[in-house]
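Student: Take a look at the following structure, please.
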2 protein chains.
Amino acid sequence: MAVGTRERLVEAAATSFMRQGYAGSGLKQITVESRAPFGSLYHFFPGGKVELAAEALRWAGAGYAQLVAAVLDASPDVVTAVGDAFAAAAHTLEATGYADACPIATVALEVASTNEPLREVTAEIFESWLDGLTARFAGEGIAPERARELAVLFVAALEGGFLLSRAARRVEPMEALGRTVAEAVQAALPAHA
Amino acid sequence: MAVGTRERLVEAAATSFMRQGYAGSGLKQITVESRAPFGSLYHFFPGGKVELAAEALRWAGAGYAQLVAAVLDASPDVVTAVGDAFAAAAHTLEATGYADACPIATVALEVASTNEPLREVTAEIFESWLDGLTARFAGEGIAPERARELAVLFVAALEGGFLLSRAARRVEPMEALGRTVAEAVQAALPAHA
């Protein structure tokens with residue numbers, strides 16, 4: 001088995017699940033795009049599609065958290081940072097023809113009522129995102145409960161923005177959300193009079 | 001052909017697409033749940049699954065808009081109304097075991113990059129929701145551009161709330177969003193000092 005086959009399978013699966021959903025993704029197509037022998041999939045993932053999806057979701061979820069954290073870290077203040085994160089999401093949508101969005105959401109909605117192991121994986125990923133953002137907002141002096149509410153607002157608005165912008169093939173919803181969510185964070189800062 | 005077969009097909013399709021997604025929904029299952037002969041599906045929908053989905057999405061989208069409008073109309077003021085709409089969504093999630101959520105979102109994410117006719121249908125539905133909410137907020141004396149931003153925030157947060165609450169099987173995200181979106185509307189009202 002060539003070095004990197006497992007990694008290529010995970011990456012191809014993550015892209016396929018993001019763009020086509022879980023039911024709409026075929027294992028054969030994923031192995032072809034990974035340049036992997038079909039048998040290697042069951043070698044690395046004896047649990048088949050569910051096990052591959054769990055691994056792909058966790059990998060993509062961790063990568064997306066790092067990406068958002070990097071955008072937030074690059075900004076001088078948290079309010080600008082929030083606006084920048086939504087602007088970055090809008091840019092990615094435009095640059096990829098509205099194909100690349102949240103790597104978790106499409107599968108999360110599909111499996112929420114139909115596949116309990118994968119639902120739990122998506123719940124863990126979202127919770128880790130919310131924990132990271134809550135800590136970041138709390139680090140700005142915002143009370144923990146309020147910081148959690150803002151984290152929920154940030155993630156929900158980003159997800160809703162992906163949905164509305166992908167459906168419309170326009171960045172306007174995502175850009176509008178950048179403004180309103182940044183304002184909500186601004187209003188919660190202790191320095192805000 | 002019995003009276004109502006077409007309507008039963010549309011309703012069963014809408015429920016299936018909402019809960020299992022587009023790729024995960026089978027036409028055979030939909031006809032069984034509609035108590036419809038399989039041939040009736042192609043009698044009413046010669047375009048097959050895409051045509052049935054377009055009709056089911058439009059029907060469900062119009063129904064959901066009416067539902068939200070009814071909740072908003074029942075409240076004495078727009079800020080309370082916004083909170084009530086999120087509370088109603090949280091209640092529906094709990095009452096249905098987190099199965100019934102937005103009737104459009106799951107399919108919208110699935111088809112955004114894979115099925116252009118259905119993407120356009122989902123875009124039309126979301127735009128009609130945004131238009132209705134923008135008019136409602138503008139009717140409270142909020143400037144049109146700001147009213148549109150708040151409409152986008154309302155729909156995106158509701159959609160993101162369904163995603164987070166269904167994944168976690170907890171209403172906490174949806175309830176938190178009810179508070180933050182209501183606050184954003186409150187802050188935009190002209191009477192707000």
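Going by the structure tokens order, chains are called A, B, ..., each with residues numbered from 1, while ligands are numbered from 1 in the order shown.
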Please identify every residue of chain B that has at least one atom no more than 6 Å from any atom of chain A, counting only C-alpha atoms, and report them as a list in words.
Tutor: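 Interface list for chain B against chain A: Gln20, Gly21, Ala23, Gly24, Ala99, Thr106, Leu109, Glu110, Ala112, Ser113, Arg119, Ala123, Glu149, Ala156, Ala157, Glu159, Gly160, Gly161, Arg166, Ala167, Ala168 and Ala176 of chain B.
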Student: Create the file for the chosen residues now, containing N, CA and C atoms and written as a PDB file, in the first residue's frame.
Tutor:
```pdb
ATOM      1  N   GLN B  20     -34.535  12.907   4.972  1.00  0.00           N
ATOM      2  CA  GLN B  20     -33.514  12.001   4.445  1.00  0.00           C
ATOM      3  C   GLN B  20     -32.676  12.610   3.327  1.00  0.00           C
ATOM      4  N   GLY B  21     -33.025  13.823   2.922  1.00  0.00           N
ATOM      5  CA  GLY B  21     -32.293  14.440   1.825  1.00  0.00           C
ATOM      6  C   GLY B  21     -32.798  13.961   0.472  1.00  0.00           C
ATOM      7  N   ALA B  23     -30.881  12.716  -2.325  1.00  0.00           N
ATOM      8  CA  ALA B  23     -30.296  11.449  -2.781  1.00  0.00           C
ATOM      9  C   ALA B  23     -30.773  10.285  -1.918  1.00  0.00           C
ATOM     10  N   GLY B  24     -31.037  10.567  -0.640  1.00  0.00           N
ATOM     11  CA  GLY B  24     -31.435   9.503   0.276  1.00  0.00           C
ATOM     12  C   GLY B  24     -32.912   9.159   0.229  1.00  0.00           C
ATOM     13  N   ALA B  99     -36.562  15.622  14.194  1.00  0.00           N
ATOM     14  CA  ALA B  99     -36.665  15.204  12.794  1.00  0.00           C
ATOM     15  C   ALA B  99     -37.207  16.326  11.908  1.00  0.00           C
ATOM     16  N   THR B 106     -31.914  20.821   3.824  1.00  0.00           N
ATOM     17  CA  THR B 106     -31.136  19.609   3.542  1.00  0.00           C
ATOM     18  C   THR B 106     -30.961  19.441   2.035  1.00  0.00           C
ATOM     19  N   LEU B 109     -28.616  22.250   0.392  1.00  0.00           N
ATOM     20  CA  LEU B 109     -27.170  22.023   0.475  1.00  0.00           C
ATOM     21  C   LEU B 109     -26.738  20.908  -0.475  1.00  0.00           C
ATOM     22  N   GLU B 110     -27.555  19.864  -0.548  1.00  0.00           N
ATOM     23  CA  GLU B 110     -27.217  18.739  -1.430  1.00  0.00           C
ATOM     24  C   GLU B 110     -27.148  19.148  -2.893  1.00  0.00           C
ATOM     25  N   ALA B 112     -26.929  22.269  -4.220  1.00  0.00           N
ATOM     26  CA  ALA B 112     -26.321  23.561  -4.568  1.00  0.00           C
ATOM     27  C   ALA B 112     -25.255  23.427  -5.652  1.00  0.00           C
ATOM     28  N   SER B 113     -24.503  22.346  -5.612  1.00  0.00           N
ATOM     29  CA  SER B 113     -23.418  22.173  -6.592  1.00  0.00           C
ATOM     30  C   SER B 113     -23.677  21.025  -7.561  1.00  0.00           C
ATOM     31  N   ARG B 119     -31.418  23.780  -7.505  1.00  0.00           N
ATOM     32  CA  ARG B 119     -30.775  24.917  -6.825  1.00  0.00           C
ATOM     33  C   ARG B 119     -31.591  26.183  -7.041  1.00  0.00           C
ATOM     34  N   ALA B 123     -33.314  28.640  -4.268  1.00  0.00           N
ATOM     35  CA  ALA B 123     -32.973  30.076  -4.220  1.00  0.00           C
ATOM     36  C   ALA B 123     -34.238  30.927  -4.231  1.00  0.00           C
ATOM     37  N   GLU B 149     -30.854  43.161   6.034  1.00  0.00           N
ATOM     38  CA  GLU B 149     -29.801  42.502   6.828  1.00  0.00           C
ATOM     39  C   GLU B 149     -30.394  41.689   7.970  1.00  0.00           C
ATOM     40  N   ALA B 156     -30.828  32.973   8.364  1.00  0.00           N
ATOM     41  CA  ALA B 156     -29.559  32.249   8.523  1.00  0.00           C
ATOM     42  C   ALA B 156     -29.448  31.661   9.923  1.00  0.00           C
ATOM     43  N   ALA B 157     -29.832  32.435  10.934  1.00  0.00           N
ATOM     44  CA  ALA B 157     -29.749  31.938  12.311  1.00  0.00           C
ATOM     45  C   ALA B 157     -30.723  30.782  12.530  1.00  0.00           C
ATOM     46  N   GLU B 159     -31.778  28.678  10.266  1.00  0.00           N
ATOM     47  CA  GLU B 159     -31.215  27.521   9.558  1.00  0.00           C
ATOM     48  C   GLU B 159     -30.014  26.946  10.308  1.00  0.00           C
ATOM     49  N   GLY B 160     -29.130  27.844  10.771  1.00  0.00           N
ATOM     50  CA  GLY B 160     -27.987  27.382  11.547  1.00  0.00           C
ATOM     51  C   GLY B 160     -28.425  26.751  12.856  1.00  0.00           C
ATOM     52  N   GLY B 161     -29.497  27.287  13.425  1.00  0.00           N
ATOM     53  CA  GLY B 161     -30.042  26.731  14.660  1.00  0.00           C
ATOM     54  C   GLY B 161     -30.595  25.329  14.462  1.00  0.00           C
ATOM     55  N   ARG B 166     -30.245  20.030  15.728  1.00  0.00           N
ATOM     56  CA  ARG B 166     -30.476  18.645  15.278  1.00  0.00           C
ATOM     57  C   ARG B 166     -29.239  17.795  15.522  1.00  0.00           C
ATOM     58  N   ALA B 167     -28.048  18.343  15.237  1.00  0.00           N
ATOM     59  CA  ALA B 167     -26.816  17.571  15.439  1.00  0.00           C
ATOM     60  C   ALA B 167     -26.645  17.235  16.917  1.00  0.00           C
ATOM     61  N   ALA B 168     -26.901  18.197  17.783  1.00  0.00           N
ATOM     62  CA  ALA B 168     -26.677  18.000  19.218  1.00  0.00           C
ATOM     63  C   ALA B 168     -27.880  17.347  19.911  1.00  0.00           C
ATOM     64  N   ALA B 176     -30.790  30.057  22.284  1.00  0.00           N
ATOM     65  CA  ALA B 176     -29.795  31.138  22.365  1.00  0.00           C
ATOM     66  C   ALA B 176     -29.950  32.078  21.169  1.00  0.00           C
TER      67      ALA B 176
END
```
Student: Can I have chain A aligned to chain B? Use a least-squares fit on all Cα atoms paired in order and write it out as a tab-separated table (two decimals) with C-alpha atoms, in the first residue's frame.
Tutor:
```tsv
chain	number	residue	atom	x	y	z
A	1	MET	CA	-56.74	8.12	-10.18
A	2	ALA	CA	-58.16	8.88	-6.73
A	3	VAL	CA	-58.68	12.49	-5.79
A	4	GLY	CA	-55.80	13.72	-3.70
A	5	THR	CA	-53.15	11.31	-4.96
A	6	ARG	CA	-51.06	14.14	-6.36
A	7	GLU	CA	-51.29	16.06	-3.08
A	8	ARG	CA	-50.31	12.99	-1.07
A	9	LEU	CA	-47.29	12.40	-3.31
A	10	VAL	CA	-46.14	16.00	-2.84
A	11	GLU	CA	-46.58	15.86	0.93
A	12	ALA	CA	-44.82	12.52	1.33
A	13	ALA	CA	-41.99	13.71	-0.90
A	14	ALA	CA	-41.58	16.91	1.12
A	15	THR	CA	-41.32	14.95	4.38
A	16	SER	CA	-38.88	12.45	2.91
A	17	PHE	CA	-36.64	15.14	1.40
A	18	MET	CA	-36.65	17.09	4.70
A	19	ARG	CA	-35.67	14.07	6.78
A	20	GLN	CA	-33.51	11.99	4.44
A	21	GLY	CA	-32.31	14.43	1.83
A	22	TYR	CA	-32.71	14.25	-1.95
A	23	ALA	CA	-30.28	11.45	-2.79
A	24	GLY	CA	-31.42	9.49	0.27
A	25	SER	CA	-35.10	9.59	-0.71
A	26	GLY	CA	-36.49	6.82	-2.88
A	27	LEU	CA	-39.43	7.29	-5.25
A	28	LYS	CA	-40.74	3.85	-4.38
A	29	GLN	CA	-40.82	4.69	-0.68
A	30	ILE	CA	-42.58	7.98	-1.43
A	31	THR	CA	-45.29	6.24	-3.46
A	32	VAL	CA	-45.77	3.64	-0.71
A	33	GLU	CA	-46.14	6.34	1.94
A	34	SER	CA	-48.56	8.22	-0.32
A	35	ARG	CA	-50.64	5.05	-0.86
A	36	ALA	CA	-50.21	5.85	-4.55
A	37	PRO	CA	-49.68	3.43	-7.43
A	38	PHE	CA	-46.08	3.77	-8.62
A	39	GLY	CA	-47.27	4.69	-12.12
A	40	SER	CA	-49.19	7.67	-10.75
A	41	LEU	CA	-45.93	9.38	-9.89
A	42	TYR	CA	-44.87	9.62	-13.54
A	43	HIS	CA	-48.47	10.42	-14.53
A	44	PHE	CA	-48.45	13.53	-12.35
A	45	PHE	CA	-44.72	14.26	-12.63
A	46	PRO	CA	-43.45	13.25	-16.08
A	47	GLY	CA	-40.10	14.82	-15.15
A	48	GLY	CA	-39.70	12.26	-12.38
A	49	LYS	CA	-37.75	12.92	-9.19
A	50	VAL	CA	-36.57	16.43	-10.11
A	51	GLU	CA	-40.09	17.61	-10.98
A	52	LEU	CA	-41.57	16.03	-7.86
A	53	ALA	CA	-38.83	17.60	-5.73
A	54	ALA	CA	-39.37	21.06	-7.24
A	55	GLU	CA	-43.10	20.83	-6.49
A	56	ALA	CA	-42.53	19.43	-2.98
A	57	LEU	CA	-39.97	22.14	-2.14
A	58	ARG	CA	-42.27	24.94	-3.37
A	59	TRP	CA	-45.23	23.50	-1.46
A	60	ALA	CA	-43.22	23.04	1.75
A	61	GLY	CA	-41.53	26.42	1.37
A	62	ALA	CA	-44.86	28.23	1.06
A	63	GLY	CA	-46.26	26.32	4.02
A	64	TYR	CA	-43.25	27.13	6.16
A	65	ALA	CA	-43.49	30.83	5.28
A	66	GLN	CA	-47.15	30.80	6.37
A	67	LEU	CA	-46.24	29.05	9.62
A	68	VAL	CA	-43.54	31.59	10.50
A	69	ALA	CA	-45.82	34.49	9.49
A	70	ALA	CA	-48.57	33.12	11.76
A	71	VAL	CA	-46.17	32.96	14.72
A	72	LEU	CA	-44.94	36.48	14.02
A	73	ASP	CA	-48.52	37.81	13.63
A	74	ALA	CA	-49.55	36.30	16.96
A	75	SER	CA	-47.08	38.36	18.98
A	76	PRO	CA	-47.82	41.87	20.25
A	77	ASP	CA	-44.51	43.33	19.07
A	78	VAL	CA	-41.80	42.41	16.59
A	79	VAL	CA	-39.07	41.73	19.17
A	80	THR	CA	-41.27	39.27	21.09
A	81	ALA	CA	-42.37	37.82	17.76
A	82	VAL	CA	-38.80	37.02	16.72
A	83	GLY	CA	-38.11	35.28	20.03
A	84	ASP	CA	-41.40	33.38	19.68
A	85	ALA	CA	-40.48	32.14	16.20
A	86	PHE	CA	-37.25	30.60	17.48
A	87	ALA	CA	-39.07	29.16	20.51
A	88	ALA	CA	-41.63	27.59	18.15
A	89	ALA	CA	-38.83	26.06	16.10
A	90	ALA	CA	-37.25	24.67	19.28
A	91	HIS	CA	-40.60	23.23	20.32
A	92	THR	CA	-41.12	21.53	16.95
A	93	LEU	CA	-37.65	19.99	17.14
A	94	GLU	CA	-38.34	18.55	20.59
A	95	ALA	CA	-41.84	17.37	19.67
A	96	THR	CA	-40.64	15.49	16.59
A	97	GLY	CA	-37.48	13.94	18.05
A	98	TYR	CA	-35.37	16.49	16.13
A	99	ALA	CA	-36.68	15.22	12.79
A	100	ASP	CA	-38.81	18.14	11.58
A	101	ALA	CA	-36.81	21.22	10.79
A	102	CYS	CA	-36.46	23.39	7.71
A	103	PRO	CA	-38.16	21.63	4.80
A	104	ILE	CA	-35.71	23.11	2.29
A	105	ALA	CA	-32.24	23.24	3.82
A	106	THR	CA	-31.15	19.61	3.55
A	107	VAL	CA	-31.98	19.43	-0.14
A	108	ALA	CA	-30.65	22.96	-0.76
A	109	LEU	CA	-27.17	22.01	0.47
A	110	GLU	CA	-27.23	18.74	-1.43
A	111	VAL	CA	-28.24	20.25	-4.77
A	112	ALA	CA	-26.33	23.56	-4.58
A	113	SER	CA	-23.42	22.18	-6.59
A	114	THR	CA	-25.05	19.17	-8.26
A	115	ASN	CA	-28.51	20.02	-9.62
A	116	GLU	CA	-29.01	23.44	-11.19
A	117	PRO	CA	-32.83	23.32	-11.65
A	118	LEU	CA	-33.37	22.39	-8.00
A	119	ARG	CA	-30.78	24.92	-6.82
A	120	GLU	CA	-32.82	27.62	-8.56
A	121	VAL	CA	-36.00	26.42	-6.85
A	122	THR	CA	-34.37	26.60	-3.41
A	123	ALA	CA	-32.98	30.08	-4.21
A	124	GLU	CA	-36.48	31.31	-5.14
A	125	ILE	CA	-37.94	29.95	-1.90
A	126	PHE	CA	-35.26	31.53	0.31
A	127	GLU	CA	-35.62	34.84	-1.54
A	128	SER	CA	-39.39	34.84	-1.00
A	129	TRP	CA	-38.83	34.26	2.74
A	130	LEU	CA	-36.28	37.09	2.86
A	131	ASP	CA	-38.64	39.43	0.97
A	132	GLY	CA	-41.47	38.73	3.42
A	133	LEU	CA	-39.31	39.30	6.48
A	134	THR	CA	-37.67	42.41	5.00
A	135	ALA	CA	-41.12	43.93	4.41
A	136	ARG	CA	-42.14	43.04	7.96
A	137	PHE	CA	-39.06	44.65	9.53
A	138	ALA	CA	-39.34	47.68	7.23
A	139	GLY	CA	-42.96	48.00	8.38
A	140	GLU	CA	-41.58	48.64	11.87
A	141	GLY	CA	-39.80	51.72	10.61
A	142	ILE	CA	-36.42	50.08	10.03
A	143	ALA	CA	-34.59	51.35	6.92
A	144	PRO	CA	-34.88	48.94	3.93
A	145	GLU	CA	-31.18	47.98	3.79
A	146	ARG	CA	-31.08	47.31	7.51
A	147	ALA	CA	-34.39	45.42	7.32
A	148	ARG	CA	-32.87	43.18	4.64
A	149	GLU	CA	-29.80	42.51	6.82
A	150	LEU	CA	-32.05	41.53	9.73
A	151	ALA	CA	-34.10	39.26	7.47
A	152	VAL	CA	-30.88	37.52	6.37
A	153	LEU	CA	-29.83	37.23	10.02
A	154	PHE	CA	-33.24	35.77	10.98
A	155	VAL	CA	-33.26	33.11	8.24
A	156	ALA	CA	-29.56	32.25	8.52
A	157	ALA	CA	-29.76	31.93	12.32
A	158	LEU	CA	-32.90	29.80	12.11
A	159	GLU	CA	-31.21	27.52	9.56
A	160	GLY	CA	-27.99	27.38	11.55
A	161	GLY	CA	-30.05	26.71	14.67
A	162	PHE	CA	-31.76	23.76	13.04
A	163	LEU	CA	-28.36	22.40	12.05
A	164	LEU	CA	-26.75	22.81	15.48
A	165	SER	CA	-29.82	21.69	17.45
A	166	ARG	CA	-30.47	18.65	15.27
A	167	ALA	CA	-26.82	17.57	15.43
A	168	ALA	CA	-26.68	17.99	19.22
A	169	ARG	CA	-30.28	16.88	19.85
A	170	ARG	CA	-30.58	19.87	22.18
A	171	VAL	CA	-32.69	23.03	21.87
A	172	GLU	CA	-30.08	25.22	23.57
A	173	PRO	CA	-28.57	26.59	20.32
A	174	MET	CA	-32.01	27.49	18.91
A	175	GLU	CA	-33.04	29.15	22.18
A	176	ALA	CA	-29.79	31.14	22.37
A	177	LEU	CA	-30.34	32.34	18.80
A	178	GLY	CA	-33.85	33.50	19.67
A	179	ARG	CA	-32.30	35.81	22.26
A	180	THR	CA	-29.50	37.22	20.10
A	181	VAL	CA	-31.61	37.75	16.97
A	182	ALA	CA	-34.40	39.42	18.99
A	183	GLU	CA	-31.75	41.74	20.48
A	184	ALA	CA	-30.48	42.64	17.02
A	185	VAL	CA	-34.02	43.54	15.91
A	186	GLN	CA	-34.59	45.51	19.12
A	187	ALA	CA	-31.39	47.50	18.52
A	188	ALA	CA	-32.52	48.38	14.98
A	189	LEU	CA	-35.96	49.72	15.92
A	190	PRO	CA	-36.24	53.50	15.49
A	191	ALA	CA	-37.74	53.87	18.99
A	192	HIS	CA	-34.59	52.29	20.43
A	193	ALA	CA	-32.46	54.99	22.03
```
Student: Please return, as a compact mmCIF listing (two decimals) with N, CA and C atoms, in the first residue's frame, all residues of region 45-134 of chain A that DSSP assigns to helix (DSSP H, G or I) on the basis of the backbone.
Tutor:
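What follows is the written file part-v4.txt:
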```
# COMPACT_ATOMS: atom_id res chain seq x y z
N GLY A 48 -16.28 0.48 6.48
CA GLY A 48 -16.86 0.97 5.23
C GLY A 48 -17.20 2.45 5.25
N LYS A 49 -18.31 2.79 4.59
CA LYS A 49 -18.66 4.19 4.34
C LYS A 49 -18.84 4.99 5.63
N VAL A 50 -19.47 4.39 6.64
CA VAL A 50 -19.68 5.13 7.90
C VAL A 50 -18.35 5.46 8.55
N GLU A 51 -17.43 4.49 8.58
CA GLU A 51 -16.13 4.73 9.23
C GLU A 51 -15.32 5.76 8.45
N LEU A 52 -15.35 5.65 7.14
CA LEU A 52 -14.64 6.64 6.31
C LEU A 52 -15.24 8.03 6.52
N ALA A 53 -16.56 8.11 6.57
CA ALA A 53 -17.22 9.40 6.75
C ALA A 53 -16.88 10.01 8.10
N ALA A 54 -16.87 9.19 9.15
CA ALA A 54 -16.54 9.70 10.49
C ALA A 54 -15.14 10.30 10.49
N GLU A 55 -14.19 9.58 9.88
CA GLU A 55 -12.80 10.05 9.81
C GLU A 55 -12.71 11.31 8.95
N ALA A 56 -13.39 11.33 7.82
CA ALA A 56 -13.34 12.48 6.92
C ALA A 56 -13.96 13.71 7.58
N LEU A 57 -15.07 13.53 8.29
CA LEU A 57 -15.72 14.65 8.97
C LEU A 57 -14.81 15.22 10.06
N ARG A 58 -14.20 14.32 10.86
CA ARG A 58 -13.31 14.79 11.94
C ARG A 58 -12.11 15.53 11.36
N TRP A 59 -11.54 14.98 10.31
CA TRP A 59 -10.37 15.62 9.67
C TRP A 59 -10.76 16.99 9.11
N ALA A 60 -11.87 17.05 8.40
CA ALA A 60 -12.30 18.32 7.80
C ALA A 60 -12.73 19.31 8.87
N GLY A 61 -13.37 18.82 9.91
CA GLY A 61 -13.82 19.70 10.99
C GLY A 61 -12.65 20.34 11.71
N ALA A 62 -11.60 19.56 11.96
CA ALA A 62 -10.41 20.10 12.62
C ALA A 62 -9.71 21.10 11.71
N GLY A 63 -9.65 20.79 10.43
CA GLY A 63 -9.01 21.71 9.48
C GLY A 63 -9.77 23.02 9.37
N TYR A 64 -11.10 22.92 9.39
CA TYR A 64 -11.90 24.14 9.26
C TYR A 64 -11.76 25.01 10.51
N ALA A 65 -11.69 24.36 11.68
CA ALA A 65 -11.50 25.12 12.92
C ALA A 65 -10.17 25.87 12.89
N GLN A 66 -9.12 25.22 12.37
CA GLN A 66 -7.80 25.86 12.26
C GLN A 66 -7.86 27.05 11.31
N LEU A 67 -8.59 26.86 10.20
CA LEU A 67 -8.71 27.93 9.20
C LEU A 67 -9.39 29.16 9.80
N VAL A 68 -10.52 28.94 10.48
CA VAL A 68 -11.24 30.05 11.08
C VAL A 68 -10.38 30.70 12.18
N ALA A 69 -9.69 29.89 12.97
CA ALA A 69 -8.83 30.43 14.04
C ALA A 69 -7.72 31.29 13.43
N ALA A 70 -7.16 30.85 12.30
CA ALA A 70 -6.09 31.62 11.66
C ALA A 70 -6.60 32.97 11.18
N VAL A 71 -7.81 32.99 10.62
CA VAL A 71 -8.39 34.27 10.17
C VAL A 71 -8.63 35.18 11.38
N LEU A 72 -9.17 34.60 12.45
CA LEU A 72 -9.45 35.41 13.64
C LEU A 72 -8.16 35.94 14.26
N ASP A 73 -7.11 35.10 14.28
CA ASP A 73 -5.82 35.50 14.88
C ASP A 73 -5.16 36.63 14.09
N VAL A 78 -11.23 41.75 17.88
CA VAL A 78 -12.19 40.66 17.70
C VAL A 78 -13.35 41.06 16.78
N VAL A 79 -13.74 42.32 16.81
CA VAL A 79 -14.86 42.74 15.96
C VAL A 79 -14.45 42.69 14.48
N THR A 80 -13.27 43.24 14.18
CA THR A 80 -12.74 43.14 12.81
C THR A 80 -12.56 41.68 12.43
N ALA A 81 -12.08 40.88 13.36
CA ALA A 81 -11.83 39.46 13.10
C ALA A 81 -13.10 38.73 12.67
N VAL A 82 -14.21 39.03 13.35
CA VAL A 82 -15.47 38.37 13.02
C VAL A 82 -15.90 38.75 11.60
N GLY A 83 -15.82 40.04 11.28
CA GLY A 83 -16.14 40.47 9.92
C GLY A 83 -15.23 39.81 8.89
N ASP A 84 -13.93 39.70 9.23
CA ASP A 84 -12.97 39.08 8.32
C ASP A 84 -13.30 37.61 8.06
N ALA A 85 -13.76 36.91 9.09
CA ALA A 85 -14.07 35.49 8.93
C ALA A 85 -15.21 35.30 7.93
N PHE A 86 -16.23 36.15 8.02
CA PHE A 86 -17.34 36.05 7.06
C PHE A 86 -16.90 36.49 5.67
N ALA A 87 -16.02 37.50 5.60
CA ALA A 87 -15.50 37.92 4.30
C ALA A 87 -14.68 36.79 3.66
N ALA A 88 -13.90 36.08 4.48
CA ALA A 88 -13.10 34.96 3.96
C ALA A 88 -14.01 33.85 3.44
N ALA A 89 -15.10 33.60 4.15
CA ALA A 89 -16.05 32.58 3.70
C ALA A 89 -16.69 33.00 2.37
N ALA A 90 -17.03 34.29 2.26
CA ALA A 90 -17.60 34.80 1.00
C ALA A 90 -16.60 34.65 -0.13
N HIS A 91 -15.34 34.95 0.16
CA HIS A 91 -14.30 34.84 -0.87
C HIS A 91 -14.14 33.39 -1.34
N THR A 92 -14.12 32.46 -0.39
CA THR A 92 -13.98 31.04 -0.76
C THR A 92 -15.15 30.59 -1.63
N LEU A 93 -16.35 31.02 -1.27
CA LEU A 93 -17.52 30.66 -2.08
C LEU A 93 -17.35 31.14 -3.52
N GLU A 94 -16.97 32.41 -3.68
CA GLU A 94 -16.80 32.96 -5.03
C GLU A 94 -15.69 32.23 -5.78
N ALA A 95 -14.58 31.98 -5.08
CA ALA A 95 -13.40 31.40 -5.73
C ALA A 95 -13.62 29.95 -6.17
N ALA A 105 -21.75 20.53 7.24
CA ALA A 105 -23.18 20.82 7.32
C ALA A 105 -24.05 19.92 6.45
N THR A 106 -23.63 19.70 5.21
CA THR A 106 -24.48 18.92 4.30
C THR A 106 -24.72 17.53 4.88
N VAL A 107 -23.64 16.88 5.31
CA VAL A 107 -23.78 15.55 5.89
C VAL A 107 -24.54 15.61 7.21
N ALA A 108 -24.27 16.66 8.01
CA ALA A 108 -24.93 16.76 9.32
C ALA A 108 -26.44 16.78 9.18
N LEU A 109 -26.96 17.54 8.21
CA LEU A 109 -28.42 17.58 8.02
C LEU A 109 -28.94 16.24 7.51
N GLU A 110 -28.17 15.63 6.61
CA GLU A 110 -28.60 14.35 6.06
C GLU A 110 -28.71 13.27 7.12
N VAL A 111 -27.70 13.21 8.01
CA VAL A 111 -27.61 12.08 8.95
C VAL A 111 -28.34 12.34 10.27
N GLU A 116 -27.24 7.47 13.47
CA GLU A 116 -26.88 7.94 14.80
C GLU A 116 -25.36 8.06 15.02
N PRO A 117 -24.54 7.09 14.59
CA PRO A 117 -23.09 7.26 14.80
C PRO A 117 -22.54 8.52 14.12
N LEU A 118 -22.98 8.80 12.90
CA LEU A 118 -22.48 9.99 12.22
C LEU A 118 -23.08 11.28 12.80
N ARG A 119 -24.33 11.21 13.26
CA ARG A 119 -24.89 12.38 13.95
C ARG A 119 -24.02 12.75 15.14
N GLU A 120 -23.60 11.75 15.91
CA GLU A 120 -22.77 12.04 17.09
C GLU A 120 -21.43 12.65 16.69
N VAL A 121 -20.86 12.20 15.59
CA VAL A 121 -19.60 12.79 15.11
C VAL A 121 -19.80 14.26 14.76
N THR A 122 -20.88 14.57 14.04
CA THR A 122 -21.11 15.98 13.67
C THR A 122 -21.37 16.83 14.92
N ALA A 123 -22.07 16.27 15.91
CA ALA A 123 -22.33 17.01 17.15
C ALA A 123 -21.02 17.33 17.86
N GLU A 124 -20.11 16.36 17.92
CA GLU A 124 -18.80 16.59 18.57
C GLU A 124 -18.03 17.70 17.86
N ILE A 125 -18.07 17.69 16.54
CA ILE A 125 -17.32 18.70 15.78
C ILE A 125 -17.89 20.09 16.03
N PHE A 126 -19.22 20.23 15.93
CA PHE A 126 -19.83 21.54 16.18
C PHE A 126 -19.52 22.01 17.61
N GLU A 127 -19.59 21.09 18.57
CA GLU A 127 -19.35 21.48 19.96
C GLU A 127 -17.92 21.96 20.15
N SER A 128 -16.97 21.31 19.45
CA SER A 128 -15.57 21.75 19.58
C SER A 128 -15.40 23.15 18.98
N TRP A 129 -16.09 23.42 17.89
CA TRP A 129 -16.05 24.78 17.30
C TRP A 129 -16.62 25.80 18.29
N LEU A 130 -17.78 25.45 18.88
CA LEU A 130 -18.43 26.38 19.81
C LEU A 130 -17.55 26.62 21.04
N ASP A 131 -16.90 25.57 21.53
CA ASP A 131 -16.01 25.72 22.69
C ASP A 131 -14.86 26.67 22.37
N GLY A 132 -14.26 26.51 21.19
CA GLY A 132 -13.14 27.37 20.80
C GLY A 132 -13.55 28.83 20.69
N LEU A 133 -14.70 29.06 20.08
CA LEU A 133 -15.17 30.44 19.91
C LEU A 133 -15.62 31.04 21.23
N THR A 134 -16.26 30.23 22.08
CA THR A 134 -16.69 30.72 23.39
C THR A 134 -15.46 31.18 24.19
```
